[in-house]
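Novice: The following file, run.txt, comprises compact mmCIF, C-alpha atoms:
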```txt
# COMPACT_ATOMS: atom_id res chain seq x y z
CA MET P 660 12.85 1.08 -21.55
CA LEU P 661 16.49 2.01 -20.95
CA VAL P 662 17.72 5.60 -21.23
CA SER P 663 21.46 6.27 -21.35
CA LEU P 664 22.55 8.93 -18.86
CA SER P 665 26.09 9.15 -20.24
CA GLU P 666 24.81 11.38 -23.06
CA VAL P 667 23.54 13.89 -20.48
CA MET P 668 26.87 13.97 -18.63
CA ASN P 669 28.59 14.97 -21.88
CA ARG P 670 26.28 18.03 -22.16
CA ARG P 671 26.95 19.74 -18.85
CA GLU P 672 24.23 22.09 -17.65
CA GLU P 673 22.20 21.47 -20.78
CA THR P 674 18.66 20.20 -20.12
CA LEU P 675 17.58 17.13 -22.03
CA ARG P 676 13.81 16.52 -22.16
CA MET P 677 12.14 13.45 -23.59
CA GLU P 678 8.96 11.41 -23.42
CA VAL P 679 9.34 7.68 -22.97
CA GLU P 680 6.71 4.94 -23.18
CA THR P 681 6.89 2.19 -20.57
CA GLU P 682 6.54 -1.38 -21.73
CA PHE P 683 4.51 -2.93 -18.92
CA SER P 684 0.74 -3.19 -19.19
CA VAL P 685 0.18 -5.03 -15.91
CA PHE P 686 1.47 -4.05 -12.47
CA GLU P 687 2.13 -7.15 -10.36
CA ARG P 688 2.33 -7.08 -6.57
CA ASN P 689 2.21 -9.99 -4.12
CA GLY P 690 1.08 -12.37 -6.85
CA VAL P 691 -1.86 -10.16 -7.88
CA ALA P 692 -2.00 -8.57 -11.33
CA TYR P 693 -3.41 -5.05 -11.69
CA PRO P 694 -4.01 -4.16 -15.36
CA VAL P 695 -2.92 -0.70 -16.46
CA GLN P 696 -6.07 0.99 -17.79
CA LYS P 697 -4.51 4.29 -18.73
CA LYS P 698 -1.01 5.74 -18.74
CA THR P 699 0.78 8.80 -20.03
CA PRO P 700 4.25 8.75 -21.50
CA VAL P 701 6.92 9.34 -18.86
CA ARG P 702 8.19 12.89 -19.18
CA LEU P 703 11.91 12.85 -18.33
CA THR P 704 14.04 15.89 -17.61
CA LEU P 705 17.76 15.16 -17.33
CA VAL P 706 20.42 17.69 -16.36
CA SER P 707 24.09 17.29 -15.45
CA PRO P 708 24.81 20.19 -13.04
CA SER P 709 28.43 19.10 -12.55
CA ALA P 710 30.84 16.40 -13.68
CA LYS P 711 29.64 12.89 -12.80
CA ARG P 712 26.27 14.11 -11.47
CA VAL P 713 22.89 13.82 -13.15
CA LEU P 714 19.57 15.19 -11.93
CA VAL P 715 16.73 12.88 -12.99
CA GLN P 716 13.15 14.16 -12.96
CA ALA P 717 10.21 12.06 -14.09
CA GLU P 718 6.47 12.68 -14.28
CA ALA P 719 3.70 10.33 -15.35
CA GLU P 720 0.12 9.36 -14.60
CA TYR P 721 -1.13 5.79 -14.31
CA ILE P 722 -4.55 4.30 -13.64
CA LEU P 723 -4.72 0.66 -12.55
CA ALA P 724 -7.75 -1.63 -12.24
CA ALA P 725 -8.12 -3.35 -8.87
CA SER P 726 -10.77 -5.07 -6.77
CA CYS P 727 -12.05 -3.64 -3.51
CA ASP P 728 -10.62 -5.70 -0.65
CA ARG P 729 -14.01 -5.80 1.11
CA CYS P 730 -16.74 -6.06 -1.55
CA LEU P 731 -14.71 -7.08 -4.66
CA LYS P 732 -16.13 -4.30 -6.87
CA GLU P 733 -13.76 -2.98 -9.52
CA VAL P 734 -11.91 0.16 -8.47
CA GLU P 735 -9.65 2.55 -10.39
CA LEU P 736 -6.39 3.39 -8.61
CA SER P 737 -4.87 6.64 -9.84
CA PHE P 738 -1.16 7.40 -9.42
CA GLU P 739 0.47 10.75 -10.18
CA ILE P 740 4.17 10.08 -10.28
CA ARG P 741 6.56 12.91 -9.45
CA TYR P 742 10.15 11.72 -9.12
CA GLU P 743 13.33 13.71 -8.61
CA GLN P 744 16.75 12.32 -7.72
CA GLU P 745 20.33 13.44 -8.19
CA VAL P 746 22.73 10.62 -9.04
CA ASP P 747 26.42 10.88 -8.18
CA PHE P 748 28.35 8.71 -10.63
CA SER P 749 31.66 9.46 -8.89
CA LYS P 750 30.59 6.93 -6.22
CA PRO P 751 30.80 3.20 -6.97
CA GLU P 752 27.48 1.63 -8.01
CA GLU P 753 27.33 -0.43 -4.78
CA GLU P 754 27.54 2.72 -2.64
CA ARG P 755 24.81 4.47 -4.64
CA GLY P 756 22.42 1.57 -3.96
CA GLU P 757 23.19 1.50 -0.22
CA GLU P 758 22.23 5.12 0.43
CA PRO P 759 18.83 5.70 2.11
CA ASP P 760 17.47 7.12 -1.13
CA GLY P 761 19.52 4.73 -3.27
CA ILE P 762 18.49 4.24 -6.84
CA SER P 763 17.87 0.66 -7.91
CA CYS P 764 16.54 1.66 -11.33
CA ILE P 765 20.01 2.70 -12.56
CA SER P 766 22.47 0.10 -13.71
CA GLY P 767 25.80 1.40 -14.92
CA TYR P 768 24.86 4.56 -16.83
CA ASP P 769 21.41 3.31 -17.89
CA LEU P 770 18.13 4.42 -16.35
CA ASP P 771 15.45 1.69 -16.44
CA VAL P 772 12.29 3.79 -16.78
CA ASP P 773 9.95 0.78 -16.38
CA ARG P 774 11.60 -0.11 -13.06
CA LEU P 775 11.46 3.51 -11.87
CA ILE P 776 7.70 3.71 -12.56
CA TRP P 777 7.09 0.26 -11.03
CA GLU P 778 8.91 1.26 -7.82
CA GLU P 779 7.07 4.58 -7.57
CA ILE P 780 3.69 2.83 -7.94
CA LEU P 781 4.75 0.22 -5.37
CA VAL P 782 5.62 2.92 -2.83
CA ALA P 783 2.33 4.76 -3.41
CA PHE P 784 0.17 1.61 -3.53
CA PRO P 785 -2.47 1.64 -0.76
CA ALA P 786 -2.26 -0.97 1.99
CA LYS P 787 -5.96 -1.70 1.51
CA VAL P 788 -7.87 -1.08 -1.72
CA LEU P 789 -11.39 0.16 -0.97
CA CYS P 790 -14.17 1.29 -3.32
CA ARG P 791 -15.09 3.92 -0.71
CA LYS P 792 -14.07 4.75 2.84
CA GLY P 793 -17.08 3.17 4.56
CA CYS P 794 -17.32 0.00 2.45
CA LYS P 795 -19.22 -2.66 4.41
CA GLY P 796 -17.98 -5.60 2.35
CA ILE P 797 -19.84 -8.82 1.63
CA CYS P 798 -21.71 -11.17 3.93
CA SER P 799 -19.47 -14.04 5.01
CA THR P 800 -22.43 -16.44 4.85
CA CYS P 801 -24.30 -15.66 1.63
CA GLY P 802 -21.90 -13.31 -0.19
CA ALA P 803 -24.42 -10.46 -0.54
CA ASP P 804 -23.01 -6.95 -0.99
CA LEU P 805 -23.72 -5.24 2.35
CA ASN P 806 -23.32 -1.80 0.73
CA GLU P 807 -26.60 -2.42 -1.11
CA GLY P 808 -28.53 -3.37 2.02
CA VAL P 809 -28.79 -5.90 4.81
CA CYS P 810 -29.03 -9.53 3.74
CA GLY P 811 -31.44 -12.02 5.33
CA CYS P 812 -28.76 -13.99 7.14
CA SER P 813 -26.92 -11.10 8.78
CA ARG P 814 -29.51 -10.82 11.59
CA GLU P 815 -29.04 -14.51 12.40
CA ASP P 816 -25.26 -14.05 12.55
CA VAL P 817 -25.65 -11.15 15.01
CA SER P 818 -27.87 -13.26 17.28
CA GLY P 819 -25.22 -15.96 17.32
CA GLU P 820 -26.97 -18.76 15.45
CA HIS P 821 -24.31 -18.95 12.72
CA LEU P 822 -21.42 -17.74 14.85
CA ASP P 823 -18.11 -19.48 14.41
CA PRO P 824 -17.91 -21.94 17.35
CA ARG P 825 -14.40 -20.76 18.13
CA MET P 826 -15.84 -17.33 18.92
CA ALA P 827 -18.42 -18.66 21.41
CA VAL P 828 -16.12 -18.09 24.40
CA ILE P 829 -15.58 -14.46 23.44
CA ARG P 830 -19.33 -13.99 22.94
CA ASP P 831 -19.92 -15.34 26.46
CA ILE P 832 -17.34 -12.93 27.92
CA PHE P 833 -19.08 -9.97 26.26
CA ASN P 834 -22.52 -11.16 27.39
CA ASN P 835 -21.26 -11.56 30.99
CA PHE P 836 -19.70 -8.09 30.85
CA LYS P 837 -22.99 -6.57 29.65
CA GLU P 838 -24.95 -8.30 32.46
CA SER P 839 -22.53 -7.21 35.19
CA SER P 840 -22.40 -3.56 34.00
CA SER P 841 -26.23 -3.25 33.86
```
Would you put the structure from the file into C-alpha cells?

Specialist:
Amino acid sequence: MLVSLSEVMNRREETLRMEVETEFSVFERNGVAYPVQKKTPVRLTLVSPSAKRVLVQAEAEYILAASCDRCLKEVELSFEIRYEQEVDFSKPEEERGEEPDGISCISGYDLDVDRLIWEEILVAFPAKVLCRKGCKGICSTCGADLNEGVCGCSREDVSGEHLDPRMAVIRDIFNNFKESSS
C-alpha cells in the first residue's frame, strides 16, 4: 500500500492520521514462508514540522505462525511494531538511503507501508524460533519429541552405540581426559 507524503508537506504542522491495511498475508524470509495469523491495520501519523521534512510514525501488531527450530511444533511469533522516522526531502533520494537510519520504504514522495512493516518484522525476527526457552528438540535417530520424555534410543546414543563415526575421535579424547583426571 502506497501513501503519498506530498499531501502532508502541503499541510505544514497539521497532523494527518490514518489507518492502512497491508496487502501481504505471508512473511517470507530465507526461503521460508511464515503465514500472518493476525494483524491490525497500520496506524500512521504524519506531520510536516518544516518545509521538506515529514515525521512518519507507524504502529501495528502482527502474529506470524512458525515452527520451533528444535522440535517443529507450531509457534506464534508476536510483533509489536513502533516506528518513528523523520524524512528530509531536501536531500537527494540517494543520500537519504545511504544514511545509517536510511529509509528504503520511501520512493520519491511515496511511503510503501507493506515494505515498512516487512522491514520492521525482519529486524525484530528472532535468530532462533523456539517453542520455549528449554526446548530439548527431537531425537536425531527416531524423531521422538524429547520434551515429552526420553525415547528408547537416546540411552544407546549416549553410550556410543549409534554415535556418528566421525565423532569417535572426540569421544576418545573425552574418555581419556576423564580417566586422567580421576

Novice: Near P:Ala786, counting all atoms listed in the file, which residues have an atom at most 10 Å away, once you skip same-chain residues fewer than 3 positions from it, shown as a VMD selection string?

Specialist: chain P and resid 728 783 789

Novice: List as a PyMOL selection string the protein and nucleic acid residues near P:Leu775, meaning an atom at most 12 Å away when all atoms listed in the file are counted, but skip any in the same chain fewer than 6 places from it.

Specialist: chain P and resi 660-662+681+683+701+703+715-719+740-744+761-766+769+781-782

Novice: Within 9 Å of (25.7, 14.2, -12.5), in the coordinates the file gives, what residues turn up when you count all atoms listed in the file, written out as a ChimeraX atom specification?

Specialist: /P:664,667-668,671,706-714,745-749

Novice: Here is a test: counting all atoms listed in the file, which residue of P:Glu807, P:Asp831, P:Asp773, P:Glu838 is nearest to P:Cys730?

Specialist: P:Glu807

Novice: Is it possible to get the axis-aligned box enclosing stretch 703-711 of chain P (all listed atoms, 3 Å extra per side) as lines of an AutoDock Vina configuration file, with centre and edge lengths in Å rounded to one decimal?

Specialist:
```
center_x = 21.4
center_y = 16.5
center_z = -15.4
size_x = 24.9
size_y = 13.3
size_z = 11.8
```

Novice: Rounded to one decimal place, report the atom CA of P:Cys794-atom CA of P:Ile829 distance in Å.

Specialist: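 Between atom CA of P:Cys794 and atom CA of P:Ile829 the gap is 25.5 Å.
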
Novice: Select, from P:Ile722, P:Ala692, P:Cys810, P:Leu731, the residue with the minimum atom-to-atom distance to P:Arg791, counting only C-alpha atoms.

Specialist: P:Leu731

Novice: Contacts of P:Gly796 at 7 Å or less, counting all atoms listed in the file, minus same-chain residues fewer than 4 places along, as a ChimeraX atom specification?

Specialist: /P:729-730,804-806

Novice: Could you please determine the separation between atom CA of P:Met677 and atom CA of P:Ser665 in Å, to one decimal place?

Specialist: 15.0 Å

Novice: I want to know what sits within 6 Å of stretch 732-737 of chain P, based on all atoms listed in the file, with residues of the same chain fewer than 2 positions away left out; could you give that as a PDB file with C-alpha atoms, in the frame of the given file?

Specialist:
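Okay, this is what ended up in selection_13.pdb:
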```
ATOM      1  CA  TYR P 721      -1.130   5.790 -14.310  1.00  0.00           C
ATOM      2  CA  ILE P 722      -4.550   4.300 -13.640  1.00  0.00           C
ATOM      3  CA  LEU P 723      -4.720   0.660 -12.550  1.00  0.00           C
ATOM      4  CA  ALA P 724      -7.750  -1.630 -12.240  1.00  0.00           C
ATOM      5  CA  ALA P 725      -8.120  -3.350  -8.870  1.00  0.00           C
ATOM      6  CA  SER P 726     -10.770  -5.070  -6.770  1.00  0.00           C
ATOM      7  CA  CYS P 727     -12.050  -3.640  -3.510  1.00  0.00           C
ATOM      8  CA  CYS P 730     -16.740  -6.060  -1.550  1.00  0.00           C
ATOM      9  CA  CYS P 790     -14.170   1.290  -3.320  1.00  0.00           C
TER      10      CYS P 790
END
```

Novice: In Å, how far is it from atom CA of P:Glu678 to atom CA of P:Pro785?

Specialist: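 For atom CA of P:Glu678 relative to atom CA of P:Pro785, the distance reads 27.2 Å.
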
Novice: Go through P:Phe738, P:Tyr693, P:Phe833, P:Phe686 one by one, measure the shortest atom-to-atom distance of each to P:Trp777 using all atoms listed in the file, and give the residue with the smallest value.

Specialist: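 Looking only at the distances to P:Trp777, the closest residue turns out to be P:Phe686.
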